[in-house]
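Novice: Below you'll find work_6.cif; it's mmCIF, C-alpha atoms.
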data_work
#
loop_
_atom_site.label_atom_id
_atom_site.label_comp_id
_atom_site.auth_asym_id
_atom_site.auth_seq_id
_atom_site.Cartn_x
_atom_site.Cartn_y
_atom_site.Cartn_z
CA MET X 1 0.00 0.00 0.00
CA ASN X 2 1.23 3.49 -0.83
CA ASN X 3 2.25 5.05 2.50
CA GLU X 4 2.21 8.51 0.97
CA GLN X 5 -1.51 8.07 0.38
CA ARG X 6 -2.06 6.57 3.84
CA TYR X 7 -0.59 9.56 5.66
CA ARG X 8 -1.23 12.34 3.13
CA LYS X 9 -3.91 14.11 5.18
CA GLN X 10 -1.55 14.68 8.11
CA ILE X 11 1.55 15.26 5.97
CA ASN X 12 -0.34 18.17 4.40
CA LEU X 13 -0.32 19.89 7.80
CA PRO X 14 2.72 22.18 8.19
CA GLU X 15 3.02 21.04 11.81
CA ILE X 16 3.65 17.47 10.56
CA GLY X 17 4.95 17.53 6.99
CA GLU X 18 7.35 14.99 5.54
CA ASP X 19 9.88 15.50 8.35
CA GLY X 20 7.24 15.03 11.05
CA GLN X 21 5.98 11.86 9.40
CA LYS X 22 9.54 10.48 9.36
CA ARG X 23 9.80 11.22 13.07
CA LEU X 24 6.53 9.35 13.69
CA ARG X 25 7.83 6.39 11.67
CA ASN X 26 11.07 6.33 13.68
CA ALA X 27 9.35 6.68 17.07
CA SER X 28 8.56 3.94 19.55
CA ILE X 29 5.77 4.07 22.14
CA LEU X 30 4.91 1.70 25.00
CA CYS X 31 1.27 1.69 26.09
CA VAL X 32 0.65 0.36 29.59
CA GLY X 33 -2.85 -1.08 29.41
CA ALA X 34 -5.10 -1.84 26.45
CA GLY X 35 -8.37 -0.89 28.14
CA GLY X 36 -10.63 2.15 28.01
CA LEU X 37 -7.76 4.60 27.52
CA GLY X 38 -5.33 2.35 25.69
CA SER X 39 -7.82 1.17 23.07
CA PRO X 40 -8.51 4.54 21.39
CA ALA X 41 -4.93 5.76 21.93
CA LEU X 42 -3.46 2.67 20.28
CA LEU X 43 -5.79 2.80 17.31
CA TYR X 44 -4.92 6.40 16.50
CA LEU X 45 -1.19 5.90 17.07
CA ALA X 46 -1.15 2.91 14.72
CA ALA X 47 -3.17 4.82 12.14
CA ALA X 48 -0.79 7.79 12.38
CA GLY X 49 2.16 5.56 11.51
CA ILE X 50 4.09 5.26 14.78
CA GLY X 51 6.88 2.90 13.75
CA GLN X 52 7.00 0.68 16.83
CA ILE X 53 4.28 0.17 19.43
CA GLY X 54 4.47 -1.96 22.56
CA ILE X 55 1.40 -3.10 24.51
CA ILE X 56 1.69 -4.49 28.03
CA ASP X 57 -1.47 -5.85 29.65
CA PHE X 58 -1.95 -9.08 31.63
CA ASP X 59 -5.77 -8.93 31.61
CA ARG X 60 -8.33 -10.93 29.62
CA ILE X 61 -11.24 -9.48 27.65
CA GLU X 62 -14.57 -9.51 29.51
CA VAL X 63 -18.06 -8.60 28.37
CA SER X 64 -18.08 -5.57 30.70
CA ASN X 65 -15.06 -4.16 28.82
CA LEU X 66 -16.88 -3.84 25.51
CA GLN X 67 -18.77 -0.66 26.45
CA ARG X 68 -15.55 1.39 26.19
CA GLN X 69 -12.64 -0.83 25.08
CA ILE X 70 -13.20 -0.42 21.36
CA LEU X 71 -10.32 -2.63 20.24
CA PHE X 72 -12.40 -5.67 21.13
CA GLU X 73 -15.58 -7.44 20.00
CA THR X 74 -17.98 -9.90 21.62
CA LYS X 75 -16.25 -12.86 19.96
CA ASP X 76 -12.97 -11.84 21.63
CA ILE X 77 -14.17 -12.46 25.21
CA GLY X 78 -11.66 -14.52 27.16
CA GLN X 79 -8.66 -13.66 24.98
CA SER X 80 -5.50 -11.82 26.04
CA LYS X 81 -5.93 -8.07 25.64
CA ALA X 82 -2.29 -7.48 24.67
CA THR X 83 -2.02 -10.18 22.02
CA HIS X 84 -5.45 -9.49 20.56
CA ALA X 85 -4.76 -5.75 20.44
CA LYS X 86 -1.56 -6.48 18.51
CA GLY X 87 -3.53 -8.31 15.83
CA LYS X 88 -6.05 -5.48 15.54
CA LEU X 89 -3.34 -2.82 15.13
CA LEU X 90 -1.45 -4.81 12.49
CA ALA X 91 -4.70 -5.33 10.58
CA LEU X 92 -5.18 -1.56 10.63
CA ASN X 93 -1.60 -0.78 9.62
CA PRO X 94 0.63 -3.70 8.57
CA ASP X 95 3.59 -1.37 7.98
CA ILE X 96 4.34 -0.86 11.68
CA ILE X 97 5.93 -3.09 14.32
CA VAL X 98 3.78 -4.12 17.30
CA GLU X 99 5.02 -6.05 20.33
CA ALA X 100 2.61 -7.61 22.84
CA TYR X 101 3.60 -8.29 26.46
CA ASP X 102 1.00 -10.51 28.15
CA GLU X 103 2.21 -9.69 31.65
CA GLN X 104 1.85 -7.17 34.44
CA LEU X 105 4.17 -4.18 34.54
CA ASN X 106 6.25 -4.43 37.70
CA ALA X 107 9.50 -3.29 39.31
CA GLN X 108 11.37 -6.23 37.77
CA ASN X 109 10.47 -5.84 34.07
CA ILE X 110 10.01 -2.08 33.84
CA LYS X 111 13.65 -1.12 33.23
CA ALA X 112 14.06 -3.30 30.13
CA LEU X 113 10.68 -2.22 28.77
CA PHE X 114 11.14 1.52 29.33
CA GLN X 115 14.64 1.50 27.87
CA SER X 116 13.24 -0.08 24.69
CA TYR X 117 10.79 2.77 23.95
CA ASP X 118 10.97 6.55 23.49
CA LEU X 119 7.66 7.46 25.09
CA ILE X 120 5.23 5.89 27.56
CA ILE X 121 1.42 6.12 27.55
CA ASP X 122 -0.45 5.38 30.76
CA GLY X 123 -3.67 3.44 30.23
CA THR X 124 -4.00 2.27 33.84
CA ASP X 125 -6.68 2.85 36.48
CA ASN X 126 -4.79 2.66 39.78
CA PHE X 127 -2.32 4.78 41.74
CA GLU X 128 0.14 1.94 42.32
CA THR X 129 0.94 1.50 38.64
CA LYS X 130 0.90 5.24 37.91
CA PHE X 131 3.48 5.81 40.65
CA LEU X 132 5.62 3.00 39.24
CA ILE X 133 5.40 4.48 35.72
CA ASN X 134 6.28 7.94 37.02
CA ASP X 135 9.25 6.87 39.13
CA ALA X 136 10.71 4.75 36.33
CA ALA X 137 10.13 7.58 33.82
CA VAL X 138 12.07 9.96 36.07
CA LYS X 139 14.81 7.40 36.71
CA TYR X 140 15.29 6.55 33.02
CA ASN X 141 14.54 10.00 31.52
CA LYS X 142 11.37 9.00 29.70
CA PRO X 143 8.45 11.35 29.01
CA TRP X 144 5.06 9.82 29.72
CA ILE X 145 1.45 10.74 29.08
CA TYR X 146 -0.91 10.39 32.02
CA GLY X 147 -4.61 9.71 31.58
CA ALA X 148 -7.49 9.20 34.01
CA ILE X 149 -11.26 8.84 33.70
CA GLN X 150 -14.15 8.59 36.10
CA GLY X 151 -17.82 9.01 35.38
CA PHE X 152 -18.10 12.08 33.18
CA ASP X 153 -14.58 13.41 33.84
CA GLY X 154 -11.32 12.95 31.96
CA GLN X 155 -7.78 14.14 32.65
CA VAL X 156 -4.58 14.18 30.59
CA ALA X 157 -1.09 15.49 31.37
CA VAL X 158 2.43 15.11 30.00
CA PHE X 159 5.17 14.51 32.54
CA ASP X 160 8.81 14.96 31.59
CA ALA X 161 11.06 15.56 34.58
CA THR X 162 13.84 16.84 32.31
CA GLN X 163 11.61 19.80 31.42
CA GLY X 164 9.23 20.27 34.33
CA SER X 165 7.18 18.56 37.00
CA CYS X 166 6.40 14.89 37.48
CA TYR X 167 3.29 13.01 38.62
CA ARG X 168 4.41 13.00 42.26
CA CYS X 169 4.58 16.80 42.16
CA LEU X 170 0.80 16.55 41.69
CA TYR X 171 0.18 13.48 43.88
CA PRO X 172 3.14 12.86 46.27
CA ASP X 173 1.46 9.74 47.62
CA LYS X 174 -1.68 7.67 47.29
CA PRO X 175 -4.79 9.30 48.85
CA LYS X 176 -5.69 7.91 52.27
CA THR X 177 -9.33 7.48 51.32
CA HIS X 178 -10.49 4.80 48.89
CA ILE X 179 -10.61 6.07 45.30
CA THR X 180 -13.02 4.11 43.14
CA ASN X 181 -12.06 3.01 39.65
CA CYS X 182 -14.37 3.04 36.64
CA ALA X 183 -15.58 -0.50 37.35
CA GLU X 184 -16.89 0.66 40.72
CA SER X 185 -18.13 4.18 39.99
CA GLY X 186 -19.03 3.85 36.32
CA VAL X 187 -17.85 5.72 33.25
CA ILE X 188 -19.20 6.92 29.93
CA GLY X 189 -17.41 4.99 27.20
CA ALA X 190 -17.13 8.08 25.02
CA VAL X 191 -15.30 9.91 27.84
CA ALA X 192 -12.70 7.15 27.83
CA GLY X 193 -12.50 7.63 24.07
CA ILE X 194 -11.99 11.40 24.27
CA THR X 195 -9.33 10.99 26.95
CA GLY X 196 -7.45 8.20 25.17
CA VAL X 197 -7.52 10.05 21.85
CA THR X 198 -6.17 13.16 23.62
CA GLN X 199 -3.30 11.04 24.93
CA ALA X 200 -2.56 9.89 21.37
CA LEU X 201 -2.62 13.50 20.19
CA GLN X 202 -0.14 14.45 22.91
CA ALA X 203 2.18 11.68 21.74
CA ILE X 204 2.01 12.98 18.17
CA GLN X 205 2.71 16.52 19.38
CA ILE X 206 5.76 15.38 21.34
CA ILE X 207 7.16 13.43 18.39
CA ALA X 208 6.34 16.01 15.68
CA HIS X 209 8.17 18.64 17.76
CA HIS X 210 6.75 21.74 16.06
CA GLU X 211 6.87 25.11 17.82
CA SER X 212 3.16 25.82 17.21
CA PHE X 213 2.02 22.32 18.21
CA LEU X 214 3.06 22.07 21.85
CA PRO X 215 2.18 19.23 24.27
CA LEU X 216 0.84 19.58 27.82
CA ILE X 217 4.22 19.33 29.56
CA GLY X 218 3.71 20.23 33.22
CA LYS X 219 0.03 20.94 32.61
CA LEU X 220 -3.18 19.09 33.47
CA TRP X 221 -6.07 19.14 30.99
CA VAL X 222 -9.40 18.49 32.68
CA LEU X 223 -12.72 17.77 30.94
CA ASP X 224 -16.18 17.82 32.53
CA SER X 225 -18.39 16.19 29.93
CA HIS X 226 -21.55 17.17 31.83
CA THR X 227 -21.05 20.68 30.43
CA MET X 228 -18.22 19.97 27.94
CA GLU X 229 -16.18 22.56 29.78
CA SER X 230 -12.44 22.00 29.90
CA LYS X 231 -9.58 23.78 31.60
CA ILE X 232 -5.81 23.56 31.77
CA LEU X 233 -4.04 23.77 35.12
CA ASN X 234 -0.33 24.30 35.66
CA ILE X 235 1.51 21.68 37.71
CA PRO X 236 4.47 23.43 39.37
CA ARG X 237 7.58 21.47 40.14
CA ASN X 238 7.84 20.50 43.81
CA SER X 239 11.33 21.11 45.16
CA ASN X 240 10.66 18.43 47.78
CA CYS X 241 9.09 15.94 45.37
CA PRO X 242 9.73 12.34 46.52
CA SER X 243 10.68 11.45 42.94
CA CYS X 244 11.99 14.18 40.63
CA SER X 245 13.85 16.10 43.35
CA ARG X 246 16.10 13.08 43.95
CA ARG X 247 19.12 11.80 42.07
CA HIS X 248 18.23 9.02 39.64
CA GLU X 249 20.29 6.41 41.45
CA GLU X 250 18.37 7.18 44.66
CA ILE X 251 14.99 6.32 43.12
CA VAL X 252 13.92 2.85 44.21
CA LEU X 253 11.17 1.28 42.14
CA ASN X 254 8.57 -0.31 44.37
CA PHE X 255 5.32 -1.86 43.27
CA SER X 256 2.48 -3.48 45.15
CA SER X 257 -0.06 -4.89 42.74
CA PRO X 258 -3.58 -3.52 43.26
CA VAL X 259 -4.86 -6.97 42.27
CA CYS X 260 -3.83 -9.86 44.50
CA GLY X 261 -3.49 -12.23 41.58
CA PHE X 262 -5.91 -12.46 38.68
CA ILE X 263 -9.48 -13.20 39.77
CA PRO X 264 -11.36 -14.68 36.79
CA GLU X 265 -14.96 -13.64 36.20
CA VAL X 266 -17.59 -16.16 35.12
CA THR X 267 -20.96 -15.57 33.50
CA TYR X 268 -24.36 -17.02 34.31
CA ASP X 269 -24.06 -19.41 31.35
CA GLN X 270 -20.69 -20.68 32.58
CA VAL X 271 -21.90 -21.17 36.15
CA ILE X 272 -24.85 -23.37 35.21
CA GLN X 273 -22.45 -25.65 33.33
CA MET X 274 -20.18 -26.07 36.38
CA SER X 275 -20.67 -28.82 38.95
CA ASP X 276 -19.77 -29.24 42.62
CA ILE X 277 -19.43 -25.51 43.23
CA ILE X 278 -19.96 -23.24 46.23
CA LEU X 279 -21.93 -20.03 45.61
CA ILE X 280 -21.26 -17.32 48.19
CA ASP X 281 -23.33 -14.13 48.36
CA VAL X 282 -21.18 -11.33 49.82
CA ARG X 283 -23.95 -8.72 49.96
CA GLU X 284 -25.19 -7.42 53.27
CA GLN X 285 -28.11 -8.89 55.26
CA GLU X 286 -30.75 -6.50 53.95
CA GLU X 287 -29.82 -7.30 50.35
CA TRP X 288 -29.87 -11.04 51.05
CA ASP X 289 -33.29 -10.78 52.71
CA SER X 290 -34.75 -9.05 49.64
CA GLY X 291 -33.82 -11.99 47.41
CA HIS X 292 -30.99 -14.40 46.73
CA ILE X 293 -29.87 -17.22 44.46
CA GLU X 294 -31.11 -20.67 45.36
CA ASN X 295 -28.60 -22.88 47.21
CA SER X 296 -26.18 -20.02 47.77
CA THR X 297 -24.45 -19.30 51.09
CA HIS X 298 -24.56 -15.87 52.69
CA PHE X 299 -21.27 -14.44 53.97
CA PRO X 300 -21.18 -10.62 53.71
CA LEU X 301 -18.08 -8.71 52.64
CA SER X 302 -18.12 -6.72 55.90
CA LYS X 303 -17.63 -9.98 57.79
CA LEU X 304 -14.77 -11.02 55.51
CA ALA X 305 -13.12 -7.63 55.92
CA ALA X 306 -13.35 -8.04 59.70
CA GLY X 307 -11.24 -11.21 59.47
CA HIS X 308 -13.93 -13.93 59.51
CA ILE X 309 -13.60 -16.75 56.98
CA PRO X 310 -16.41 -19.02 55.68
CA ASP X 311 -16.29 -22.67 56.69
CA CYS X 312 -15.86 -24.36 53.31
CA ALA X 313 -13.27 -26.46 51.50
CA MET X 314 -10.36 -24.32 50.32
CA ASP X 315 -9.75 -26.36 47.17
CA LYS X 316 -13.32 -26.36 45.80
CA ASP X 317 -14.56 -24.02 43.06
CA ILE X 318 -15.97 -21.00 44.90
CA ILE X 319 -18.03 -18.43 43.02
CA LEU X 320 -18.61 -15.16 44.84
CA PHE X 321 -21.26 -12.67 43.87
CA CYS X 322 -22.66 -9.34 45.01
CA GLN X 323 -25.23 -7.02 43.50
CA ARG X 324 -23.31 -6.04 40.35
CA GLY X 325 -19.94 -7.79 40.47
CA VAL X 326 -17.64 -5.25 42.17
CA ARG X 327 -17.62 -6.26 45.84
CA SER X 328 -17.23 -9.93 44.90
CA LEU X 329 -13.81 -9.18 43.35
CA GLU X 330 -12.72 -7.58 46.62
CA ALA X 331 -14.04 -10.55 48.56
CA ALA X 332 -12.17 -12.96 46.28
CA GLN X 333 -8.92 -11.10 46.91
CA ILE X 334 -9.42 -11.40 50.68
CA LEU X 335 -10.01 -15.15 50.39
CA LYS X 336 -7.05 -15.54 48.05
CA GLU X 337 -4.79 -14.03 50.71
CA GLN X 338 -6.18 -16.63 53.15
CA GLY X 339 -5.10 -19.53 50.93
CA PHE X 340 -8.25 -20.21 48.91
CA SER X 341 -7.31 -21.12 45.35
CA ASN X 342 -10.19 -21.79 42.94
CA LEU X 343 -11.97 -18.46 43.23
CA TYR X 344 -14.30 -16.83 40.72
CA SER X 345 -16.42 -13.69 40.64
CA LEU X 346 -19.87 -13.74 39.04
CA SER X 347 -19.86 -11.16 36.24
CA GLY X 348 -22.78 -8.76 36.61
CA GLY X 349 -23.63 -10.16 40.04
CA TYR X 350 -27.09 -10.88 41.34
CA GLU X 351 -28.72 -8.33 39.05
CA ASP X 352 -27.47 -10.11 35.94
CA TRP X 353 -28.39 -13.54 37.32
CA ILE X 354 -32.06 -12.78 37.91
CA LYS X 355 -32.41 -11.33 34.39
CA LYS X 356 -31.63 -14.80 33.03
CA ASP X 357 -34.87 -16.21 34.54
CA GLN X 358 -32.99 -18.63 36.73
CA PRO X 359 -35.20 -19.78 39.66
CA TYR X 360 -34.13 -17.99 42.79
CA LEU X 361 -35.34 -17.48 46.33
CA LYS X 362 -37.06 -14.29 47.33
CA ASN X 363 -37.83 -13.98 51.02
CA GLY X 364 -37.33 -17.74 51.27
CA THR X 365 -39.79 -18.59 48.49
CA LYS X 366 -38.85 -19.97 45.08
CA VAL X 367 -40.38 -17.97 42.21
#
Translate this structure into structure tokens?

Specialist:
Amino acid sequence: MNNEQRYRKQINLPEIGEDGQKRLRNASILCVGAGGLGSPALLYLAAAGIGQIGIIDFDRIEVSNLQRQILFETKDIGQSKATHAKGKLLALNPDIIVEAYDEQLNAQNIKALFQSYDLIIDGTDNFETKFLINDAAVKYNKPWIYGAIQGFDGQVAVFDATQGSCYRCLYPDKPKTHITNCAESGVIGAVAGITGVTQALQAIQIIAHHESFLPLIGKLWVLDSHTMESKILNIPRNSNCPSCSRRHEEIVLNFSSPVCGFIPEVTYDQVIQMSDIILIDVREQEEWDSGHIENSTHFPLSKLAAGHIPDCAMDKDIILFCQRGVRSLEAAQILKEQGFSNLYSLSGGYEDWIKKDQPYLKNGTKV
């Protein structure tokens, strides 16, 4: 295929031109996460002709991802996000190089990965990984593009400690209160799209390096899609920053995974095909009293969090469920730390189950 035709529309822009397109072709970008942010960012970076793209993501595609993770289709459920994303990008643009890393980014593999790419894009949804990305970016002199979404809000910033502030200048440490992710609080898929595409645009701006096409270095772009109002805030460099104020050799990369091992989710259809299982309802007493799945056991999350453990075989298949499928993942992580092995979370929770017309108990009566 004629690459001049493929990229002509952006080459026509004086901010890109032939020289800018060559820079895009010679650039390499690592995207951490192929989810709601990574999906749109990766698609536009591949389409723009970024020469080498890396994708690191240890997760599997689930039905709940499809509302915003536009790289994937219904038939892809259960597949590796990283490897499947690679195939999608190469189908879009076979002239680029794409590497897939079906693993979790951690303190052990981050050095080799970061040193292999020019620029990092953050497609994660937790503080632990964002801090790891930031500290490694400072340590190895890598610019990175931060992104965050929640509900109707999106944020993007470019951090390059050689030119300005870093992420820890904005957030020195993780907030003490619990910060919900999009799975817990909800998100508009299109907001993830706008935010991820903005991250891709920032990457193109950095690589094109034109004086009238400047990226958000040391600045935070904030969108409120309720009103479509946006604003740009300056992020001043903190002279006492726990990361960028230190010498590179003093930066120690620490990482505590926000997920205590991968907790697989199962659907209603999968559950009814399984045998010899234990169904545990982790909702609270009032929710249980209003209706519950037949033959399930009630053991609320609050009781688990207080240190109590259900009396059941640790090696049996245990499926936990709550109202919508969020608290059950937390419950599974608690049980995993206690030595339980074959743990699953019911996708969609109790609400999804009763929509399938499965007989269930309501106030003790089968309906």

Novice: Do you know which residues the PyMOL selection byres ((chain X and resi 138) around 12) returns on this file, as a ChimeraX atom specification?

Specialist: /X:111,114,120,131-137,139-144,159-169,241-253

Novice: Within 12 Å of Glu103 (chain X), counting all atoms listed in the file, which residues show up once you throw out same-chain ones fewer than 2 positions away? Write them as a PyMOL selection string, please.

Specialist: chain X and resi 32-34+55-60+80-83+100-101+105-106+108-110+113+261-262

Novice: Got time to write the residues from that selection, C-alpha atoms, as a tab-separated table (two decimals), in the frame of the given file?

Specialist:
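Here's the written file again34.tsv:
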chain	number	residue	atom	x	y	z
X	32	VAL	CA	0.65	0.36	29.59
X	33	GLY	CA	-2.85	-1.08	29.41
X	34	ALA	CA	-5.10	-1.84	26.45
X	55	ILE	CA	1.40	-3.10	24.51
X	56	ILE	CA	1.69	-4.49	28.03
X	57	ASP	CA	-1.47	-5.85	29.65
X	58	PHE	CA	-1.95	-9.08	31.63
X	59	ASP	CA	-5.77	-8.93	31.61
X	60	ARG	CA	-8.33	-10.93	29.62
X	80	SER	CA	-5.50	-11.82	26.04
X	81	LYS	CA	-5.93	-8.07	25.64
X	82	ALA	CA	-2.29	-7.48	24.67
X	83	THR	CA	-2.02	-10.18	22.02
X	100	ALA	CA	2.61	-7.61	22.84
X	101	TYR	CA	3.60	-8.29	26.46
X	105	LEU	CA	4.17	-4.18	34.54
X	106	ASN	CA	6.25	-4.43	37.70
X	108	GLN	CA	11.37	-6.23	37.77
X	109	ASN	CA	10.47	-5.84	34.07
X	110	ILE	CA	10.01	-2.08	33.84
X	113	LEU	CA	10.68	-2.22	28.77
X	261	GLY	CA	-3.49	-12.23	41.58
X	262	PHE	CA	-5.91	-12.46	38.68

Novice: One decimal, Å: what's the distance from CA of Phe340 (chain X) over to CA of Glu128 (chain X), could you say?

Specialist: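 A separation of 24.6 Å between them.
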
Novice: Determine, counting all atoms listed in the file, which protein, DNA and RNA residues have an atom within 9 Å of an atom of Ser39 (chain X); residues of the same chain fewer than 2 positions away are not included. Present the result as a ChimeraX atom specification.

Specialist: /X:33-37,41-44,68-72,85,123,193,196-197

Novice: Rounded to one decimal place, report the CA of Phe127 (chain X)-CA of Lys174 (chain X) distance in Å.

Specialist: 6.3 Å

Novice: Which residue is closest to Ile11 (chain X)? Choose from X:Ala148, X:Ile77, X:Ile232, X:Ala48 and count only C-alpha atoms.

Specialist: X:Ala48

Novice: Evaluate the PyMOL selection byres ((chain X and resi 300) around 12) here and jot the selected residues down as a count of residues only.

Specialist: 31

Novice: Could you work out an axis-aligned bounding box for all listed atoms of region 88-106 of chain X, with 3 Å added on each of the six sides, and give its centre and edge lengths in Å to one decimal, as AutoDock Vina command-line options?

Specialist:
--center_x 0.1 --center_y -5.6 --center_z 22.8 --size_x 18.3 --size_y 15.7 --size_z 35.7

Novice: N, CA and C atoms for region 161-177 of chain X, written as an mmCIF file, in the frame of the given file, could you do that?

Specialist:
data_model
loop_
_atom_site.group_PDB
_atom_site.id
_atom_site.type_symbol
_atom_site.label_atom_id
_atom_site.label_comp_id
_atom_site.auth_asym_id
_atom_site.auth_seq_id
_atom_site.Cartn_x
_atom_site.Cartn_y
_atom_site.Cartn_z
ATOM 1 N N ALA X 161 10.301 14.950 33.493
ATOM 2 C CA ALA X 161 11.060 15.560 34.580
ATOM 3 C C ALA X 161 12.292 16.313 34.092
ATOM 4 N N THR X 162 12.703 16.081 32.843
ATOM 5 C CA THR X 162 13.840 16.840 32.310
ATOM 6 C C THR X 162 13.430 18.257 31.936
ATOM 7 N N GLN X 163 12.099 18.482 31.822
ATOM 8 C CA GLN X 163 11.610 19.800 31.420
ATOM 9 C C GLN X 163 10.689 20.455 32.441
ATOM 10 N N GLY X 164 10.192 19.682 33.396
ATOM 11 C CA GLY X 164 9.230 20.270 34.330
ATOM 12 C C GLY X 164 8.891 19.317 35.452
ATOM 13 N N SER X 165 7.633 19.333 35.843
ATOM 14 C CA SER X 165 7.180 18.560 37.000
ATOM 15 C C SER X 165 6.946 17.097 36.635
ATOM 16 N N CYS X 166 6.743 16.297 37.679
ATOM 17 C CA CYS X 166 6.400 14.890 37.480
ATOM 18 C C CYS X 166 5.062 14.609 38.177
ATOM 19 N N TYR X 167 4.590 13.392 38.060
ATOM 20 C CA TYR X 167 3.290 13.010 38.620
ATOM 21 C C TYR X 167 3.248 13.174 40.131
ATOM 22 N N ARG X 168 4.382 12.884 40.791
ATOM 23 C CA ARG X 168 4.410 13.000 42.260
ATOM 24 C C ARG X 168 4.463 14.455 42.718
ATOM 25 N N CYS X 169 4.732 15.378 41.807
ATOM 26 C CA CYS X 169 4.580 16.800 42.160
ATOM 27 C C CYS X 169 3.093 17.123 42.320
ATOM 28 N N LEU X 170 2.254 16.385 41.604
ATOM 29 C CA LEU X 170 0.800 16.550 41.690
ATOM 30 C C LEU X 170 0.223 15.692 42.804
ATOM 31 N N TYR X 171 0.624 14.420 42.853
ATOM 32 C CA TYR X 171 0.180 13.480 43.880
ATOM 33 C C TYR X 171 1.423 12.858 44.526
ATOM 34 N N PRO X 172 1.935 13.425 45.629
ATOM 35 C CA PRO X 172 3.140 12.860 46.270
ATOM 36 C C PRO X 172 2.957 11.431 46.717
ATOM 37 N N ASP X 173 1.733 11.085 47.135
ATOM 38 C CA ASP X 173 1.460 9.740 47.620
ATOM 39 C C ASP X 173 0.010 9.399 47.352
ATOM 40 N N LYS X 174 -0.312 8.144 47.521
ATOM 41 C CA LYS X 174 -1.680 7.670 47.290
ATOM 42 C C LYS X 174 -2.631 8.295 48.319
ATOM 43 N N PRO X 175 -3.814 8.753 47.894
ATOM 44 C CA PRO X 175 -4.790 9.300 48.850
ATOM 45 C C PRO X 175 -5.128 8.301 49.941
ATOM 46 N N LYS X 176 -5.374 8.798 51.141
ATOM 47 C CA LYS X 176 -5.690 7.910 52.270
ATOM 48 C C LYS X 176 -7.059 7.279 52.125
ATOM 49 N N THR X 177 -7.980 8.012 51.506
ATOM 50 C CA THR X 177 -9.330 7.480 51.320
ATOM 51 C C THR X 177 -9.372 6.600 50.085
#
